[in-house]
Protein chains: 2
Amino acid sequence: MEKQKLVVIGAVAAGTKAASKAKRNNPDLDIKVFTKERYISYAGCGLPYYIGGVIKEKQEILVRSPEDFRNNQGIDVFTEHEVKKINVSEKKVIVEDLKSGNVQEFPYDKLIIATGASPIVPPLENIGLANIFTLRSVSDALTIRELLDSGKVKKAVVVGGGFIGLETAENLKYRGIEVTIVELMPHILPPFDEEIALYAQNHMVDMGVNILTGEKVTGFEGIDGKVSAVKTSAGDIEADMVILSIGVRPNTAVAVEAGIETGAAGAIKVNKYMETNIKDIYAAGDCAENTNLVTGKPVWYPMGSTSNKTGRIAGHNAALVKQDESMKDSLEGVLGTTIVRLFEINAAKTGLSERDAIREGYDIETVLVPGNDKAHYFPGNKRIITKLIVDRSTRKVLGAQIVGEGAADKPIDTIAAAITLGAKVSDLAKLDLAYAPPFSMAMSTTILSANVMMNKLTGRIETVKSGDVYKGLEDGSINILDVREEGEFFISAIPGSTNIPLNEIEARAGEIDKSKETIILVCKLGERAYSSYLKLKKLGFKNLRVLEGGTCAYPYELI
Amino acid sequence: MEKQKLVVIGAVAAGTKAASKAKRNNPDLDIKVFTKERYISYAGCGLPYYIGGVIKEKQEILVRSPEDFRNNQGIDVFTEHEVKKINVSEKKVIVEDLKSGNVQEFPYDKLIIATGASPIVPPLENIGLANIFTLRSVSDALTIRELLDSGKVKKAVVVGGGFIGLETAENLKYRGIEVTIVELMPHILPPFDEEIALYAQNHMVDMGVNILTGEKVTGFEGIDGKVSAVKTSAGDIEADMVILSIGVRPNTAVAVEAGIETGAAGAIKVNKYMETNIKDIYAAGDCAENTNLVTGKPVWYPMGSTSNKTGRIAGHNAALVKQDESMKDSLEGVLGTTIVRLFEINAAKTGLSERDAIREGYDIETVLVPGNDKAHYFPGNKRIITKLIVDRSTRKVLGAQIVGEGAADKPIDTIAAAITLGAKVSDLAKLDLAYAPPFSMAMSTTILSANVMMNKLTGRIETVKSGDVYKGLEDGSINILDVREEGEFFISAIPGSTNIPLNEIEARAGEIDKSKETIILVCKLGERAYSSYLKLKKLGFKNLRVLEGGTCAYPYELI
């Protein structure tokens, strides 16, 4: 019997994972992998660190070579070979060898499309100037690092304040380059909610990165064919180098031409088995759609973690000798869990943001709770701020965001696991998490946040968001009462606030100005403000609100 | 109307948490807290680090003072006041002021017992000698640190290789003291399975701690009333100081006398609301039983994290004006999640161990999988080894253990959350966890372990445990084939193994000795052994087994 033929298009994360998994499960398969790129199986997420020199050698980000696949697994990988066309009716692919120009046909029994995504390069004025780059492939990274190593780059502009843009900015800054980020949205980290994103943004600015938000890049200027400035709505910014990190688009041209369906974001529609609408054709990785586990709706989250999972599933299913449903591997969906390190802070997100949740029509409650990543008395403990987003009616956790100097990866993973398994906020509050002083507070930040949420949902505390305090300052509707110690208050405080320390609050309650619509109670973390809330409430005060996250999470100007 | 009276016995974690929560929920309560100790609200888990000087000042481990409770919350805390008797019929407690000897009665409407646990001090020969300590209270820690600061301690013996004993041993070692641990069980960390515990034990030995396992302390010898040696079944060990860390017992005398029921371990029986068998009496913290979430059975896990939770619940419920079921807070159970840092490694555990699971009658499958806590190419990445224990019939995750230099707290928390919410191993494999190179591999260790487990459950791989290889070496039933590169093999290998590198395995298959019952395939991490397994299987080899965890997790002698 002739060997079953599996063709895979693409050889970064999903493609190589799919081929390897298929071969392990079914060693009799004849597997051919085609990629138009020169490099395969590379760590795309490591590229910003390679240009910054954190990762020293090119070899470190090249996970496996075509020879590895050939010798250790018996998988043929054809680099610099572009699949020009999928002939669905005859089940074959038409492939061009990009070096020789030769075109050849290869038949398949099963086909896995893992063509990934490509950076968006908008048709701006002078976009063709030298030293304007995207950072997606190994070749991009090699070129950029070579230019940086030449010492000719003094000023760089990063267009786009998403993850890759920010990681690139950080790495350029480490190399002593003056960096400006230009972001179209009102803050960097667009998928995050404002108070979390601004916290990260303030830190980037503190670390010396220039950040322009709400600004549009309109074009570039050049000298001798090389970029010299970026033109924005706010004026020109000098630049010897530009990194475009505006976003990516799924590579689906060859799939679409073959009649494979795509979704709203242009990515290939797949079911939970990674099957496309055409029999025996699978899609995986950044070119394929995902399902959001919270909403159940199709989304497109091009991420390395998901690519590895969907590649593995496509490989597993394509390798099945018998297409028995019970033998298939599947992925119900993802949460879009992400994390980024920015200088000395971490920012992480899972599930829906507050904005997403409102747009999806949920009636939500949110909290913002500071805490420590280790016991407060253990050396090296650092702060993180946890935001929880909960559905008020079902009390299910919809999403979370974490930012701060402390470990954000641990709690975001815990919460992601909990959301995936349908946790209510009361479940989160009761998790039996690992505690010892070097690792956590006795009540971890996740439990603490869930407890605050329970208090809020049951009406034990009424809170206000920093953004609303900021607005209230402008329209004069609020009286801000800071209950920290006098010394703390005088170091820095919210503009317009007055100070009565917590332990004097009952005695000095008569001094409190009740003329404003709302009295905002403020301390550093929220705990003392909550105590003062309880005391004043007992004294008959109305319209009290505790500032969520306290001054430590207040991302607007303090005086 | 007279104020409702809440009496709390005990003022460390559960007692103070209960009192605070009750007061916040119901500010009208009259709350009195009695403790026979001098110090309250202290960080018991921080004490080993205080004696080691990692935590410098006593004040750092004292979380809150009686004055804090009085002034900020209106809660009266009576230190050095021992509750001698609970008069259930008249609803009052009889309290002795330990300084004055005065005895007084205090009525209660609700009573919370949070009397904690005390170290076991066995009646060994000469146990009364000076410089034999337990380490449980602040007073213990102050005395020990004073002795250490005097410079008179050169050699110390720690009796018991549980968490407190090991943390104490580490901290003593940091102070330049020669430390010997004597453990009755065959390995330290008795709740852990052997291969994980031995990994930790090997590390402690590498760090210069003497460890005697399977040895019993029979008594002590002294000079001038001070301990000079520990007598064990293996001989005498010189010691200027001895720390007894044999375990703790719940403090329940006063409760038992009042007719409050206790369970198998002697801890107070409570339902999920922390209610005891006597109306209006609650118990929380280390003196109370817990329910194991996996088995549903009563257990006793005296831990700070659980004490905080149960204290909070007892406080919440005791403060309810109306005992409406729907308003009550509750805890369904715990997993006994624990973690310890030992010099440069971490060891963590959640749910059932393999031993527990077998004893409980589960038909289980286990895996042991090494991985990195960051991307393999990211500087500072470190290894962890994950053990998963899964119920073969339901495929539910029953437990996990993690050991290694890398971050163990993150994955154990993720798995603990998953187990709590009823995860199957396939759920674990599909979790959308946060990935970026500084935080994780693209497929995290948890997902990797779950994938290996899936492969094992579906018969794609057959493995063998290190302990069974060790036994097989003795009875000569196995042929160990090491498929690493020649250079790796010659540095260190399992005794009696032979070497054929993976990429030569097909060509040199004829050399493999098939006379033994089983062929064990070995590499560093398990991946290459798995590849060789697939290749040899294809060549018709039978009775192949991959060594779980590879040489990196093999805790027995290598040559």
# chains A, B, ... in the order shown; residues from 1 in each chain; ligands from 1
>>> residues_around(residues="Leu536 (chain A)", least_positions_apart="3", cutoff="8 Å", atoms="only C-alpha atoms", output="list in words")
Ile505, Glu506, Ala509, Ser532, Tyr533, Leu539, Gly540 and Phe541 of chain A
>>> interface_residues(of="chain A", to="chain B", cutoff="7 Å", atoms="only C-alpha atoms", output="ChimeraX atom specification")
/A:45-46,55,60-61,72,304-305,308,331,334-335,337-340,377-378,409-410,413-414,416-418,421,430-437,439,442-443,503
>>> residues_around(residues="region 122-137 of chain A", least_positions_apart="5", cutoff="7 Å", atoms="only C-alpha atoms", output="PyMOL selection string")
chain A and resi 44+218-222+225-227+241-245
>>> write_last_selection(atoms="all heavy atoms", output="short mmCIF file (atom, residue, chain, number, x, y, z; two decimals), in the first residue's frame")
data_model
loop_
_atom_site.label_atom_id
_atom_site.label_comp_id
_atom_site.auth_asym_id
_atom_site.auth_seq_id
_atom_site.Cartn_x
_atom_site.Cartn_y
_atom_site.Cartn_z
N GLY A 44 9.64 32.98 17.48
CA GLY A 44 9.22 34.32 17.06
C GLY A 44 9.13 35.29 18.23
O GLY A 44 9.50 36.46 18.10
N THR A 218 1.74 59.58 9.77
CA THR A 218 1.22 59.91 8.43
C THR A 218 2.22 59.62 7.32
O THR A 218 1.85 59.54 6.16
CB THR A 218 0.82 61.39 8.38
OG1 THR A 218 1.96 62.17 8.77
CG2 THR A 218 -0.33 61.68 9.33
N GLY A 219 3.49 59.46 7.67
CA GLY A 219 4.48 59.17 6.64
C GLY A 219 5.89 59.29 7.20
O GLY A 219 6.07 59.39 8.42
N PHE A 220 6.85 59.25 6.32
CA PHE A 220 8.25 59.28 6.75
C PHE A 220 9.02 60.26 5.88
O PHE A 220 8.65 60.54 4.75
CB PHE A 220 8.85 57.88 6.62
CG PHE A 220 8.06 56.85 7.37
CD1 PHE A 220 7.05 56.13 6.73
CD2 PHE A 220 8.29 56.64 8.72
CE1 PHE A 220 6.30 55.19 7.42
CE2 PHE A 220 7.53 55.71 9.42
CZ PHE A 220 6.54 54.98 8.77
N GLU A 221 10.12 60.76 6.43
CA GLU A 221 11.04 61.55 5.63
C GLU A 221 12.38 60.84 5.61
O GLU A 221 12.71 60.10 6.54
CB GLU A 221 11.18 62.95 6.22
CG GLU A 221 9.92 63.74 5.97
CD GLU A 221 10.00 65.18 6.45
OE1 GLU A 221 11.11 65.60 6.87
OE2 GLU A 221 8.97 65.84 6.39
N GLY A 222 13.14 61.09 4.51
CA GLY A 222 14.39 60.37 4.39
C GLY A 222 15.53 61.24 3.88
O GLY A 222 15.31 62.31 3.31
N GLY A 225 17.89 58.11 0.91
CA GLY A 225 17.13 56.86 0.83
C GLY A 225 16.91 56.19 2.17
O GLY A 225 16.28 55.13 2.24
N LYS A 226 17.46 56.79 3.24
CA LYS A 226 17.27 56.20 4.58
C LYS A 226 16.32 57.07 5.39
O LYS A 226 16.35 58.30 5.28
CB LYS A 226 18.61 56.11 5.31
CG LYS A 226 19.56 55.12 4.71
CD LYS A 226 20.91 55.17 5.43
CE LYS A 226 21.92 54.30 4.72
NZ LYS A 226 23.30 54.59 5.15
N VAL A 227 15.54 56.42 6.22
CA VAL A 227 14.57 57.17 7.01
C VAL A 227 15.31 58.14 7.94
O VAL A 227 16.36 57.83 8.49
CB VAL A 227 13.66 56.21 7.82
CG1 VAL A 227 14.43 55.53 8.95
CG2 VAL A 227 12.44 56.94 8.36
N MET A 241 15.91 54.85 12.65
CA MET A 241 15.34 53.53 12.43
C MET A 241 13.88 53.57 12.87
O MET A 241 13.54 54.28 13.81
CB MET A 241 16.10 52.48 13.26
CG MET A 241 15.62 51.08 13.01
SD MET A 241 16.69 49.87 13.84
CE MET A 241 15.80 49.69 15.35
N VAL A 242 13.06 52.83 12.15
CA VAL A 242 11.64 52.73 12.51
C VAL A 242 11.25 51.26 12.56
O VAL A 242 11.61 50.48 11.68
CB VAL A 242 10.75 53.47 11.47
CG1 VAL A 242 9.26 53.21 11.76
CG2 VAL A 242 11.05 54.97 11.48
N ILE A 243 10.57 50.89 13.63
CA ILE A 243 10.00 49.54 13.70
C ILE A 243 8.49 49.67 13.63
O ILE A 243 7.88 50.34 14.48
CB ILE A 243 10.38 48.82 15.02
CG1 ILE A 243 11.88 48.84 15.26
CG2 ILE A 243 9.80 47.40 15.05
CD1 ILE A 243 12.68 47.81 14.52
N LEU A 244 7.90 49.05 12.63
CA LEU A 244 6.44 49.05 12.50
C LEU A 244 5.88 47.85 13.25
O LEU A 244 6.14 46.70 12.89
CB LEU A 244 6.04 48.93 11.02
CG LEU A 244 6.45 50.07 10.10
CD1 LEU A 244 6.13 49.68 8.64
CD2 LEU A 244 5.73 51.36 10.46
N SER A 245 5.12 48.12 14.28
CA SER A 245 4.49 47.04 15.06
C SER A 245 3.00 47.33 15.18
O SER A 245 2.45 47.39 16.27
CB SER A 245 5.11 46.94 16.45
OG SER A 245 6.49 46.78 16.37
#
>>> residues_around(residues="region 386-399 of chain A", least_positions_apart="5", cutoff="8 Å", atoms="only C-alpha atoms", output="ChimeraX atom specification")
/A:294,349-354,357,362-371,419,422-426,445-446,449-450,453,457
>>> residues_around(residues="region 470-476 of chain B", least_positions_apart="2", cutoff="10 Å", atoms="only C-alpha atoms", output="list in words")
Lys465, Ser466, Gly467, Asp468, Ile478, Asn479, Ile480, Ile494, Pro495, Gly496, Ser497, Lys516, Glu517, Thr518, Ile520, Tyr554, Pro555, Tyr556 and Glu557 of chain B
